[in-house]
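Novice: Sharing run-v2.csv, CSV, C-alpha atoms:
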```
chain,number,residue,atom,x,y,z
A,1,MET,CA,-32.2,-40.0,84.0
A,2,PHE,CA,-32.0,-36.2,83.8
A,3,ARG,CA,-29.6,-36.1,86.9
A,4,PHE,CA,-27.4,-38.7,85.2
A,5,ILE,CA,-27.2,-36.6,82.0
A,6,LEU,CA,-26.5,-33.5,84.0
A,7,ILE,CA,-23.7,-35.2,86.0
A,8,LEU,CA,-22.2,-36.7,82.9
A,9,ALA,CA,-22.3,-33.3,81.1
A,10,ILE,CA,-20.5,-31.7,84.1
A,11,LEU,CA,-17.9,-34.5,84.1
A,12,VAL,CA,-17.1,-34.4,80.4
A,13,SER,CA,-17.3,-30.6,80.0
A,14,PRO,CA,-14.0,-28.9,79.6
A,15,ALA,CA,-12.9,-27.5,83.0
A,16,VAL,CA,-13.0,-23.7,83.2
A,17,LYS,CA,-9.5,-22.7,84.2
A,18,ALA,CA,-9.3,-20.6,87.3
A,19,SER,CA,-7.5,-17.2,87.1
A,20,SER,CA,-4.1,-17.0,88.6
A,21,THR,CA,-1.8,-14.1,89.6
A,22,LEU,CA,1.9,-13.8,89.2
A,23,TYR,CA,4.2,-11.2,90.8
A,24,TYR,CA,7.4,-9.8,89.5
A,25,SER,CA,10.1,-7.4,90.8
A,26,GLY,CA,12.9,-5.9,88.7
A,27,THR,CA,14.5,-3.0,87.0
A,28,ALA,CA,14.2,-1.2,83.7
A,29,ARG,CA,17.0,0.6,81.8
A,30,VAL,CA,15.6,3.5,79.8
A,31,ILE,CA,17.7,5.1,77.1
A,32,ASP,CA,16.8,8.5,75.6
A,33,LEU,CA,17.8,8.0,72.0
A,34,LYS,CA,18.1,11.7,71.3
A,35,THR,CA,20.5,12.5,74.2
A,36,GLY,CA,21.9,9.1,74.9
A,37,LYS,CA,21.1,9.6,78.6
A,38,GLU,CA,20.3,6.4,80.5
A,39,SER,CA,18.2,6.0,83.7
A,40,GLN,CA,17.3,3.1,85.9
A,41,GLU,CA,13.9,2.4,87.2
A,42,GLU,CA,12.6,-0.1,89.8
A,43,MET,CA,9.4,-1.8,89.2
A,44,VAL,CA,6.9,-4.4,90.5
A,45,VAL,CA,4.3,-6.1,88.2
A,46,GLU,CA,1.1,-7.9,89.1
A,47,LYS,CA,0.0,-10.1,86.2
A,48,THR,CA,-3.4,-11.8,86.3
A,49,ILE,CA,-4.1,-14.6,83.8
A,50,ASN,CA,-7.9,-15.2,83.4
A,51,PRO,CA,-8.6,-17.9,80.8
A,52,LYS,CA,-12.4,-17.9,81.7
A,53,ASN,CA,-12.7,-14.3,80.5
A,54,ASN,CA,-9.9,-14.5,77.9
A,55,LEU,CA,-8.1,-11.7,79.7
A,56,ILE,CA,-4.6,-10.8,80.8
A,57,THR,CA,-4.1,-7.9,83.2
A,58,GLU,CA,-0.7,-6.4,84.0
A,59,ILE,CA,-0.4,-3.6,86.5
A,60,ALA,CA,3.1,-2.2,86.9
A,61,CYS,CA,4.3,0.2,89.5
A,62,VAL,CA,7.4,2.1,88.3
A,63,LYS,CA,9.7,4.2,90.5
A,64,ARG,CA,11.9,6.6,88.6
A,65,ASN,CA,14.9,8.2,90.4
A,66,GLY,CA,13.8,11.4,92.0
A,67,SER,CA,10.1,10.9,91.2
A,68,ALA,CA,7.1,9.4,92.9
A,69,ALA,CA,6.1,5.9,91.9
A,70,SER,CA,3.4,5.6,89.1
A,71,VAL,CA,1.0,2.8,88.2
A,72,TYR,CA,0.5,1.7,84.7
A,73,PRO,CA,-2.3,-0.9,84.0
A,74,VAL,CA,-2.6,-2.8,80.7
A,75,TYR,CA,-5.6,-5.0,79.9
A,76,MET,CA,-5.4,-7.5,77.1
A,77,LYS,CA,-8.3,-9.4,75.5
A,78,VAL,CA,-7.0,-12.8,74.2
A,79,GLN,CA,-8.4,-15.3,71.7
A,80,GLY,CA,-6.2,-18.3,70.9
A,81,ASN,CA,-2.7,-17.0,70.3
A,82,LYS,CA,-3.8,-13.4,69.5
A,83,ILE,CA,-4.2,-10.3,71.6
A,84,LEU,CA,-7.3,-8.8,70.1
A,85,GLN,CA,-7.4,-5.6,72.1
A,86,ILE,CA,-5.2,-3.7,74.5
A,87,SER,CA,-6.2,-0.8,76.8
A,88,ASN,CA,-5.2,1.0,79.9
A,89,ALA,CA,-8.8,0.9,81.1
A,90,PRO,CA,-10.7,-2.3,82.1
A,91,ASN,CA,-13.6,-1.3,79.8
A,92,PHE,CA,-11.2,-1.0,76.9
A,93,LYS,CA,-12.0,2.6,76.3
A,94,GLY,CA,-8.8,4.2,77.6
A,95,THR,CA,-6.0,6.2,75.9
A,96,LEU,CA,-4.0,3.1,75.1
A,97,SER,CA,-4.9,0.7,72.3
A,98,GLY,CA,-3.2,-2.1,70.4
A,99,THR,CA,-3.0,-5.7,69.3
A,100,GLY,CA,-0.5,-8.5,69.5
A,101,LYS,CA,0.5,-12.2,69.3
A,102,LEU,CA,1.4,-14.9,71.7
A,103,GLN,CA,3.6,-18.0,71.4
A,104,GLY,CA,4.0,-21.1,73.5
A,105,LYS,CA,1.6,-23.2,75.6
A,106,ALA,CA,-1.9,-21.5,76.0
A,107,TRP,CA,-2.1,-19.4,79.1
A,108,LYS,CA,1.5,-20.1,79.9
A,109,TRP,CA,2.9,-18.3,76.9
A,110,ASN,CA,6.7,-17.7,76.8
A,111,TYR,CA,6.6,-15.0,74.1
A,112,LEU,CA,4.3,-12.0,73.7
A,113,THR,CA,4.7,-9.3,71.1
A,114,PHE,CA,2.4,-6.3,70.7
A,115,SER,CA,2.1,-2.9,69.2
A,116,MET,CA,0.3,-0.1,71.0
A,117,LEU,CA,-0.7,3.5,70.5
A,118,PHE,CA,-0.9,5.9,73.5
A,119,ASP,CA,-3.0,9.0,72.8
A,120,THR,CA,-1.3,11.8,74.7
A,121,GLY,CA,-3.8,14.4,73.5
A,122,LYS,CA,-1.0,16.1,71.6
A,123,GLY,CA,-0.2,13.1,69.4
A,124,ASN,CA,0.3,9.4,69.6
A,125,ILE,CA,3.2,7.5,71.0
A,126,ARG,CA,3.7,4.2,69.4
A,127,ILE,CA,5.1,1.3,71.6
A,128,GLU,CA,6.6,-1.8,70.0
A,129,ASP,CA,6.9,-4.4,72.8
A,130,ASP,CA,8.5,-7.9,72.9
A,131,ASN,CA,8.2,-9.9,76.1
A,132,PHE,CA,9.9,-13.2,76.9
A,133,VAL,CA,9.4,-15.5,79.9
A,134,VAL,CA,12.4,-17.6,80.6
A,135,ASN,CA,12.9,-19.6,83.9
A,136,SER,CA,10.4,-17.4,85.8
A,137,THR,CA,12.1,-14.2,84.5
A,138,LEU,CA,10.1,-11.7,82.5
A,139,ILE,CA,12.4,-9.9,79.9
A,140,ALA,CA,10.9,-7.0,77.9
A,141,ARG,CA,12.2,-4.8,75.2
A,142,LYS,CA,10.2,-1.7,74.3
A,143,ARG,CA,10.8,0.7,71.5
A,144,ILE,CA,9.1,4.0,71.9
A,145,PHE,CA,8.3,6.3,68.9
A,146,TYR,CA,6.8,9.8,68.8
A,147,ARG,CA,5.6,11.0,65.5
A,148,GLU,CA,7.3,7.9,64.0
A,149,ILE,CA,10.7,8.9,65.3
A,150,PRO,CA,12.3,6.5,67.8
A,151,VAL,CA,12.7,8.4,71.1
A,152,GLN,CA,13.3,5.8,73.8
A,153,LEU,CA,14.5,2.2,74.3
A,154,TRP,CA,13.5,0.3,77.4
A,155,GLU,CA,15.1,-2.9,78.6
A,156,GLU,CA,13.3,-4.6,81.5
A,157,GLU,CA,14.1,-7.7,83.5
A,158,ALA,CA,12.0,-8.9,86.4
A,159,LYS,CA,12.1,-12.1,88.5
A,160,GLU,CA,8.9,-13.9,89.6
A,161,ILE,CA,8.4,-13.4,93.4
A,162,ASN,CA,5.8,-14.5,95.9
A,163,LEU,CA,2.9,-12.3,97.2
A,164,GLU,CA,4.7,-11.5,100.5
A,165,GLU,CA,7.8,-10.2,98.7
A,166,PHE,CA,5.6,-8.3,96.2
A,167,SER,CA,3.9,-6.6,99.0
A,168,LEU,CA,7.2,-5.6,100.6
A,169,GLN,CA,8.6,-4.3,97.3
A,170,LYS,CA,5.4,-2.4,96.5
A,171,LYS,CA,5.7,-0.7,99.9
A,172,HIS,CA,9.4,0.0,99.4
A,173,LEU,CA,8.6,1.8,96.1
A,174,ASP,CA,5.7,3.6,97.8
A,175,CYS,CA,3.4,2.6,95.0
A,176,PRO,CA,-0.1,4.1,94.9
A,177,ALA,CA,-2.9,1.6,95.6
A,178,PHE,CA,-3.9,-0.7,92.8
```
Represent the structure from my file as structure tokens, please.

Specialist:
Amino acid sequence: MFRFILILAILVSPAVKASSTLYYSGTARVIDLKTGKESQEEMVVEKTINPKNNLITEIACVKRNGSAASVYPVYMKVQGNKILQISNAPNFKGTLSGTGKLQGKAWKWNYLTFSMLFDTGKGNIRIEDDNFVVNSTLIARKRIFYREIPVQLWEEEAKEINLEEFSLQKKHLDCPAF
């Protein structure tokens, strides 16, 4: 009898969704709002969706013209359609913090909006970020503020790619390990 109850409990229990990883490659247009100067950046993004742990992890490698590639991780704790906590450290004790909202089908959201603060040690940078997912394309608009003055506008667009293409692009950008 106990075995039957255990098997029945396993069969009717909601399945724990496995984590999945998506890969993107694209460009960012960065506009300095003080000078009007524009720059282009290449990027790859590894996005891991982990419903079991209510976690989204995005790790971007960005290559600016004339500079070495840099890695920028973002960890998001999710509950329902809310981003409860954002950090640049997996233990959520980093120099980046914030919250946000999600819209669309759970764990396949097509709109994410969040507000973040980055502690530079000399003052906070506020980042207002809107992300759309349309036909396997990630489109992001970031507004960057320093001391509440808008200083940069970022427009990013990245297409979903497979792991092999991601590895090639990552190597092409000479990304540090992540």

Novice: What lies within 12 Å of Lys37 of chain A using only C-alpha atoms, ignoring chain neighbours under 5 positions off, as a list in words?

Specialist: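 Contacts, in chain order: Arg29, Val30, Ile31, Asp32, Val151, Gln152 and Leu153 of chain A.
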
Novice: What is the atom CA of Phe118 of chain A to atom CA of Lys142 of chain A distance in Å?

Specialist: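 Atom-to-atom, atom CA of Phe118 of chain A to atom CA of Lys142 of chain A, that is 13.5 Å.
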
Novice: Counting all atoms listed in the file, figure out which residue out of A:Thr21, A:Asn50, A:Asn91, A:Thr27 gets nearest to Arg64 of chain A.

Specialist: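 Answer, going by the shortest atom-to-atom distance: A:Thr27.
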
Novice: Select, from A:Ser25, A:Thr48, A:Asn110, A:Ser136, the residue with the minimum atom-to-atom distance to His172 of chain A, counting only C-alpha atoms.

Specialist: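 Of A:Ser25, A:Thr48, A:Asn110, A:Ser136, the one nearest His172 of chain A, counting only C-alpha atoms, is A:Ser25.
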
Novice: Find the residues with any atom within 12 Å of (11.7, -1.6, 85.9); use only C-alpha atoms and the coordinates as given in the file, and write the answer as a ChimeraX atom specification.

Specialist: /A:24-30,39-45,60-65,69-72,138-142,154-159,173

Novice: With C-alpha atoms retained, export the selected residues as an mmCIF file, in the coordinates of the input.

Specialist:
```
data_model
loop_
_atom_site.group_PDB
_atom_site.id
_atom_site.type_symbol
_atom_site.label_atom_id
_atom_site.label_comp_id
_atom_site.auth_asym_id
_atom_site.auth_seq_id
_atom_site.Cartn_x
_atom_site.Cartn_y
_atom_site.Cartn_z
ATOM 1 C CA TYR A 24 7.400 -9.800 89.500
ATOM 2 C CA SER A 25 10.100 -7.400 90.800
ATOM 3 C CA GLY A 26 12.900 -5.900 88.700
ATOM 4 C CA THR A 27 14.500 -3.000 87.000
ATOM 5 C CA ALA A 28 14.200 -1.200 83.700
ATOM 6 C CA ARG A 29 17.000 0.600 81.800
ATOM 7 C CA VAL A 30 15.600 3.500 79.800
ATOM 8 C CA SER A 39 18.200 6.000 83.700
ATOM 9 C CA GLN A 40 17.300 3.100 85.900
ATOM 10 C CA GLU A 41 13.900 2.400 87.200
ATOM 11 C CA GLU A 42 12.600 -0.100 89.800
ATOM 12 C CA MET A 43 9.400 -1.800 89.200
ATOM 13 C CA VAL A 44 6.900 -4.400 90.500
ATOM 14 C CA VAL A 45 4.300 -6.100 88.200
ATOM 15 C CA ALA A 60 3.100 -2.200 86.900
ATOM 16 C CA CYS A 61 4.300 0.200 89.500
ATOM 17 C CA VAL A 62 7.400 2.100 88.300
ATOM 18 C CA LYS A 63 9.700 4.200 90.500
ATOM 19 C CA ARG A 64 11.900 6.600 88.600
ATOM 20 C CA ASN A 65 14.900 8.200 90.400
ATOM 21 C CA ALA A 69 6.100 5.900 91.900
ATOM 22 C CA SER A 70 3.400 5.600 89.100
ATOM 23 C CA VAL A 71 1.000 2.800 88.200
ATOM 24 C CA TYR A 72 0.500 1.700 84.700
ATOM 25 C CA LEU A 138 10.100 -11.700 82.500
ATOM 26 C CA ILE A 139 12.400 -9.900 79.900
ATOM 27 C CA ALA A 140 10.900 -7.000 77.900
ATOM 28 C CA ARG A 141 12.200 -4.800 75.200
ATOM 29 C CA LYS A 142 10.200 -1.700 74.300
ATOM 30 C CA TRP A 154 13.500 0.300 77.400
ATOM 31 C CA GLU A 155 15.100 -2.900 78.600
ATOM 32 C CA GLU A 156 13.300 -4.600 81.500
ATOM 33 C CA GLU A 157 14.100 -7.700 83.500
ATOM 34 C CA ALA A 158 12.000 -8.900 86.400
ATOM 35 C CA LYS A 159 12.100 -12.100 88.500
ATOM 36 C CA LEU A 173 8.600 1.800 96.100
#
```

Novice: Record the distance separating atom CA of Lys52 of chain A and atom CA of Ile83 of chain A, expressed in Å with one decimal.

Specialist: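 Going from atom CA of Lys52 of chain A over to atom CA of Ile83 of chain A, I get 15.1 Å.
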
Novice: Separation of atom CA of Pro150 of chain A and atom CA of Lys77 of chain A, in Å?

Specialist: 27.1 Å

Novice: Have a look at A:Asn124, A:Asn81, A:Thr99, A:Thr35 and name the one nearest to Phe145 of chain A; count all atoms listed in the file.

Specialist: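 For Phe145 of chain A, the nearest of the given residues is A:Asn124.
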
Novice: From (-2.3, -8.3, 84.3), in the file's coordinates, out to 6 Å: which residues are reached, counting all atoms listed in the file? Answer as a compact mmCIF listing (two decimals) with C-alpha atoms, in the frame of the given file.

Specialist:
```txt
# COMPACT_ATOMS: atom_id res chain seq x y z
CA GLU A 46 1.10 -7.90 89.10
CA LYS A 47 0.00 -10.10 86.20
CA THR A 48 -3.40 -11.80 86.30
CA ILE A 56 -4.60 -10.80 80.80
CA THR A 57 -4.10 -7.90 83.20
CA GLU A 58 -0.70 -6.40 84.00
CA ILE A 59 -0.40 -3.60 86.50
```

Novice: Taking all atoms listed in the file into account, which of A:Leu163, A:Ala68, A:Leu117, A:Val74 comes nearest Cys175 of chain A?

Specialist: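 So, comparing all the options, the nearest one is A:Ala68.
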
Novice: Nearest to Tyr111 of chain A among A:Ile149, A:Ile86, A:Gly94, A:Asp129, with distances taken over all atoms listed in the file: which residue is it?

Specialist: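 Smallest separation from Tyr111 of chain A among the options: A:Asp129.
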